[in-house]
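A.B. asks: Below is one structure. I have some questions about it.
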Amino acid sequence: MILRPLHDTDEDADAIAVVAAAAFGASDALPGGGPPEGMPPERAALLRRRNRYVARTDPGGCWLAVDETSGMPLGVAMSTRREGTWGLSLFAVLPSAQRQGVGRELLAAALAYGRGCLRGIICSSPDPRAAATYRRAGFALHPAMRLKGAVRKGDLPAPDGAVHEGSAKHRDLMDSVDRRTRGGAHGPDHDQLLTECPLLVVDDLAGSGYCYVDRDGNVRLLAATSRRLASRLLTAALLSLPEGTTARVPNLTAEQQWAVDVGLAAGMEIGTSGWVCLRGMRPPEPYIPSGFFL
């Protein structure tokens with residue numbers, strides 16, 4: 001097995017797709033890697049652009065394990081550093097290569113990229129082996145919930161204030177909210193997210209916040225300076241979805257009861273979804289992390 005840096009190329013992006021699709025299958029909990037078989041071409045292209053983006057911004061944190069003889073990809077780890085906050089965007093190993101030390105070496109390389117970072121965050125799958133691995137790496141495990149289901153718009157009260165369509169001009173606002181909630185700004189991640197899905201923003205005398213929700217009904221990232229504003233944003237995001245869309249709100253720690261309340265009012269079902277793993281920080285609140293951008 002050879003461990004090498006991930007390159008900003010279509011070839012390496014496709015290698016990520018091979019590994020992630022095999023490791024995660026077609027699960028709707030796919031945290032951001034390659035497309036499962038049968039995924040629409042536009043969705044596959046989006047994931048390729050996203051994976052290339054991280055390989056480009058954080059080359060020191062992105063690693064690919066390949067078979068020394070055949071060159072076949074065996075595993076991938078992608079991590080980022082944003083203002084002292086390290087995050088693991090993707091960690092996947094082919095089922096046939098597991099329990100052979102591939103994952104251990106990949107994770108060690110990704111963790112080394114975070115040396116000197118004050119904080120760390122991982123959104124883990126429900127796999128107990130993954131949770132054990134992250135705990136051994138020094139992360140506190142916070143059980144996570146998820147909301148899922150078609151939104152009953154008639155049961156949701158209107159947002160209690162103005163919510164605006166966001167754009168790149170809100171970048172400073174979002175970075176400020178990030179620093180307040182998670183300790184470090186997402187920075188260039190916002191530029192990438194703006195190419196992927198609509199943005200909603202609140203900014204008034206009560207505070208500020210933002211929410212990304214994609215056209216498939218996934219709440220991708222939400223942060224606000226108060227629970228009231230966070231509830232307003234989530235309500236507006238759910239109401240913005242086309243009728244009949246299955247909405248998903250993942251990675252909710254116990255601190256996000258405000259989000260649970262909004263989801264239940266909308267008729268969504270609550271379930272468990274894995275862990276939010278944290279090091280050097282308390283659970284961000286009010287905050288819904290992205291599985292990929294964290």
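So you can find residues: chains in the structure tokens are A, B, ... in the order shown, residues in each start at 1, and ligands are numbered from 1 in order.
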I need the residues in range 45-137 of chain A that are strand (DSSP E or B) according to DSSP; give them as a ChimeraX atom specification.
C.D. replies: /A:62-66,73-82,85-93,119-124
A.B. asks: Go ahead and write the selection's residues with C-alpha atoms as a PDB file, in the first residue's frame.
C.D. replies:
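The result, written out as selection23.pdb:
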```
ATOM      1  CA  CYS A  62      -5.915  15.106   1.695  1.00  0.00           C
ATOM      2  CA  TRP A  63      -4.484  11.612   1.194  1.00  0.00           C
ATOM      3  CA  LEU A  64      -5.161   8.644  -1.062  1.00  0.00           C
ATOM      4  CA  ALA A  65      -4.118   5.063  -0.338  1.00  0.00           C
ATOM      5  CA  VAL A  66      -3.472   2.935  -3.432  1.00  0.00           C
ATOM      6  CA  PRO A  73      -7.511   3.156  -4.820  1.00  0.00           C
ATOM      7  CA  LEU A  74      -7.990   1.597  -1.386  1.00  0.00           C
ATOM      8  CA  GLY A  75      -8.945   4.497   0.840  1.00  0.00           C
ATOM      9  CA  VAL A  76      -9.160   8.268   1.162  1.00  0.00           C
ATOM     10  CA  ALA A  77      -8.956  10.876   3.919  1.00  0.00           C
ATOM     11  CA  MET A  78      -9.744  14.542   3.324  1.00  0.00           C
ATOM     12  CA  SER A  79      -9.284  17.150   6.050  1.00  0.00           C
ATOM     13  CA  THR A  80      -9.300  20.939   6.254  1.00  0.00           C
ATOM     14  CA  ARG A  81      -7.924  23.711   8.444  1.00  0.00           C
ATOM     15  CA  ARG A  82      -9.950  26.892   8.920  1.00  0.00           C
ATOM     16  CA  THR A  85     -10.388  24.532  13.434  1.00  0.00           C
ATOM     17  CA  TRP A  86      -9.473  21.184  11.867  1.00  0.00           C
ATOM     18  CA  GLY A  87     -12.172  19.065  10.265  1.00  0.00           C
ATOM     19  CA  LEU A  88     -12.326  15.612   8.688  1.00  0.00           C
ATOM     20  CA  SER A  89     -14.427  16.023   5.541  1.00  0.00           C
ATOM     21  CA  LEU A  90     -14.237  12.446   4.288  1.00  0.00           C
ATOM     22  CA  PHE A  91     -12.715   9.203   5.542  1.00  0.00           C
ATOM     23  CA  ALA A  92     -13.456   5.995   3.647  1.00  0.00           C
ATOM     24  CA  VAL A  93     -11.769   2.645   3.039  1.00  0.00           C
ATOM     25  CA  ARG A 119     -10.255  22.646  17.736  1.00  0.00           C
ATOM     26  CA  GLY A 120     -11.340  19.584  15.774  1.00  0.00           C
ATOM     27  CA  ILE A 121     -14.666  18.372  14.410  1.00  0.00           C
ATOM     28  CA  ILE A 122     -15.859  15.202  12.641  1.00  0.00           C
ATOM     29  CA  CYS A 123     -19.395  14.208  11.639  1.00  0.00           C
ATOM     30  CA  SER A 124     -19.272  10.435  11.987  1.00  0.00           C
TER      31      SER A 124
END
```
A.B. asks: Quick one: everything within 12 Å of Gly207 in chain A, counting only C-alpha atoms, minus sequence neighbours fewer than 4 positions away in the same chain. Send it as a JSON list (two decimals) with C-alpha atoms, in the first residue's frame.
C.D. replies:
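To be explicit, this is the file written out as selection_20.json:
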```
[["chain", "number", "residue", "atom", "x", "y", "z"],
["A", 161, "GLY", "CA", -39.01, 38.07, 11.13],
["A", 162, "ALA", "CA", -37.32, 38.82, 7.84],
["A", 173, "LEU", "CA", -21.35, 38.25, 8.12],
["A", 174, "MET", "CA", -21.13, 34.47, 7.80],
["A", 176, "SER", "CA", -18.36, 36.42, 11.92],
["A", 177, "VAL", "CA", -21.18, 34.03, 12.88],
["A", 180, "ARG", "CA", -18.92, 33.02, 17.34],
["A", 201, "VAL", "CA", -29.56, 35.05, 5.73],
["A", 202, "VAL", "CA", -30.92, 36.99, 8.71],
["A", 203, "ASP", "CA", -29.34, 40.24, 9.84],
["A", 223, "ALA", "CA", -25.33, 28.97, 12.15],
["A", 224, "ALA", "CA", -26.85, 31.86, 14.07],
["A", 225, "THR", "CA", -26.16, 34.10, 17.04],
["A", 226, "SER", "CA", -29.31, 32.99, 18.88],
["A", 227, "ARG", "CA", -31.72, 30.07, 18.96],
["A", 228, "ARG", "CA", -34.57, 32.34, 17.94],
["A", 229, "LEU", "CA", -32.78, 33.35, 14.76],
["A", 230, "ALA", "CA", -31.70, 29.77, 14.12],
["A", 232, "ARG", "CA", -36.37, 31.40, 12.03]]
```
A.B. asks: Grab the CA of Phe293 in chain A to CA of Asp189 in chain A distance for me, in Å with one decimal place.
C.D. replies: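 We find that CA of Phe293 in chain A and CA of Asp189 in chain A lie 6.9 Å from each other.
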A.B. asks: Hey, which bits of range 173-254 of chain A sit within 12 Å of range 144-152 of chain A, and for each residue what's the closest pair of atoms and how far apart in Å (one decimal), counting only C-alpha atoms, rows by chain and increasing number, as JSON lines?
C.D. replies:
```
{"residue": "A:Asp216", "atom": "CA", "partner": "A:Ala150", "partner_atom": "CA", "distance": 11.4}
{"residue": "A:Gly217", "atom": "CA", "partner": "A:Ala150", "partner_atom": "CA", "distance": 9.1}
{"residue": "A:Asn218", "atom": "CA", "partner": "A:Lys148", "partner_atom": "CA", "distance": 9.2}
{"residue": "A:Val219", "atom": "CA", "partner": "A:Leu147", "partner_atom": "CA", "distance": 10.0}
{"residue": "A:Leu234", "atom": "CA", "partner": "A:Leu147", "partner_atom": "CA", "distance": 11.8}
{"residue": "A:Thr235", "atom": "CA", "partner": "A:Val151", "partner_atom": "CA", "distance": 10.2}
{"residue": "A:Ala236", "atom": "CA", "partner": "A:Val151", "partner_atom": "CA", "distance": 11.6}
{"residue": "A:Ala237", "atom": "CA", "partner": "A:Val151", "partner_atom": "CA", "distance": 10.6}
{"residue": "A:Leu238", "atom": "CA", "partner": "A:Val151", "partner_atom": "CA", "distance": 6.8}
{"residue": "A:Leu239", "atom": "CA", "partner": "A:Val151", "partner_atom": "CA", "distance": 7.7}
{"residue": "A:Ser240", "atom": "CA", "partner": "A:Val151", "partner_atom": "CA", "distance": 10.1}
{"residue": "A:Leu241", "atom": "CA", "partner": "A:Val151", "partner_atom": "CA", "distance": 8.3}
{"residue": "A:Pro242", "atom": "CA", "partner": "A:Val151", "partner_atom": "CA", "distance": 9.3}
{"residue": "A:Glu243", "atom": "CA", "partner": "A:Val151", "partner_atom": "CA", "distance": 7.7}
{"residue": "A:Gly244", "atom": "CA", "partner": "A:Ala150", "partner_atom": "CA", "distance": 5.6}
{"residue": "A:Thr245", "atom": "CA", "partner": "A:Ala150", "partner_atom": "CA", "distance": 5.6}
{"residue": "A:Thr246", "atom": "CA", "partner": "A:Ala150", "partner_atom": "CA", "distance": 4.4}
{"residue": "A:Ala247", "atom": "CA", "partner": "A:Gly149", "partner_atom": "CA", "distance": 5.4}
{"residue": "A:Arg248", "atom": "CA", "partner": "A:Lys148", "partner_atom": "CA", "distance": 4.5}
{"residue": "A:Val249", "atom": "CA", "partner": "A:Leu147", "partner_atom": "CA", "distance": 4.9}
{"residue": "A:Pro250", "atom": "CA", "partner": "A:Arg146", "partner_atom": "CA", "distance": 4.3}
{"residue": "A:Asn251", "atom": "CA", "partner": "A:Ala144", "partner_atom": "CA", "distance": 5.3}
{"residue": "A:Leu252", "atom": "CA", "partner": "A:Met145", "partner_atom": "CA", "distance": 4.9}
{"residue": "A:Thr253", "atom": "CA", "partner": "A:Ala144", "partner_atom": "CA", "distance": 4.7}
{"residue": "A:Ala254", "atom": "CA", "partner": "A:Ala144", "partner_atom": "CA", "distance": 7.3}
```
A.B. asks: Could you state the separation of CA of Asp172 in chain A and CA of Leu200 in chain A in Å, given to one decimal place?
C.D. replies: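 According to the coordinates, CA of Asp172 in chain A and CA of Leu200 in chain A are separated by 14.5 Å.
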A.B. asks: Distance table requested - range 161-259 of chain A against range 39-48 of chain A, cut-off 12 Å, only C-alpha atoms: one row per qualifying residue with the closest atom pair and its distance in Å to one decimal, ordered by chain and rising residue number, as JSON lines.
C.D. replies:
```
{"residue": "A:Gln192", "atom": "CA", "partner": "A:Leu46", "partner_atom": "CA", "distance": 10.4}
{"residue": "A:Leu193", "atom": "CA", "partner": "A:Leu46", "partner_atom": "CA", "distance": 10.7}
{"residue": "A:Thr195", "atom": "CA", "partner": "A:Leu46", "partner_atom": "CA", "distance": 9.2}
{"residue": "A:Glu196", "atom": "CA", "partner": "A:Leu46", "partner_atom": "CA", "distance": 7.4}
{"residue": "A:Cys197", "atom": "CA", "partner": "A:Leu46", "partner_atom": "CA", "distance": 10.6}
{"residue": "A:Asp214", "atom": "CA", "partner": "A:Arg43", "partner_atom": "CA", "distance": 11.5}
{"residue": "A:Arg215", "atom": "CA", "partner": "A:Arg43", "partner_atom": "CA", "distance": 11.2}
{"residue": "A:Asp216", "atom": "CA", "partner": "A:Arg43", "partner_atom": "CA", "distance": 10.4}
```
A.B. asks: When you count only C-alpha atoms, which of these residues is closest to Leu221 in chain A: A:Pro188, A:Gly183, A:Pro95, A:Pro289?
C.D. replies: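 Comparing A:Pro188, A:Gly183, A:Pro95, A:Pro289 against Leu221 in chain A, the winner is A:Pro289.
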A.B. asks: Mind the document's chain letters and residue numbers, and return as JSON, numbers by chain the residues of range 86-291 of chain A that DSSP labels helix (DSSP H, G or I).
C.D. replies: {"A": [95, 96, 97, 102, 103, 104, 105, 106, 107, 108, 109, 110, 111, 112, 113, 128, 129, 130, 131, 132, 133, 134, 135, 136, 153, 154, 155, 168, 169, 170, 171, 172, 173, 174, 175, 176, 177, 178, 179, 180, 181, 182, 188, 189, 190, 191, 192, 193, 194, 195, 196, 227, 228, 229, 230, 231, 232, 233, 234, 235, 236, 237, 238, 239, 254, 255, 256, 257, 258, 259, 260, 261, 262, 263, 264, 265]}
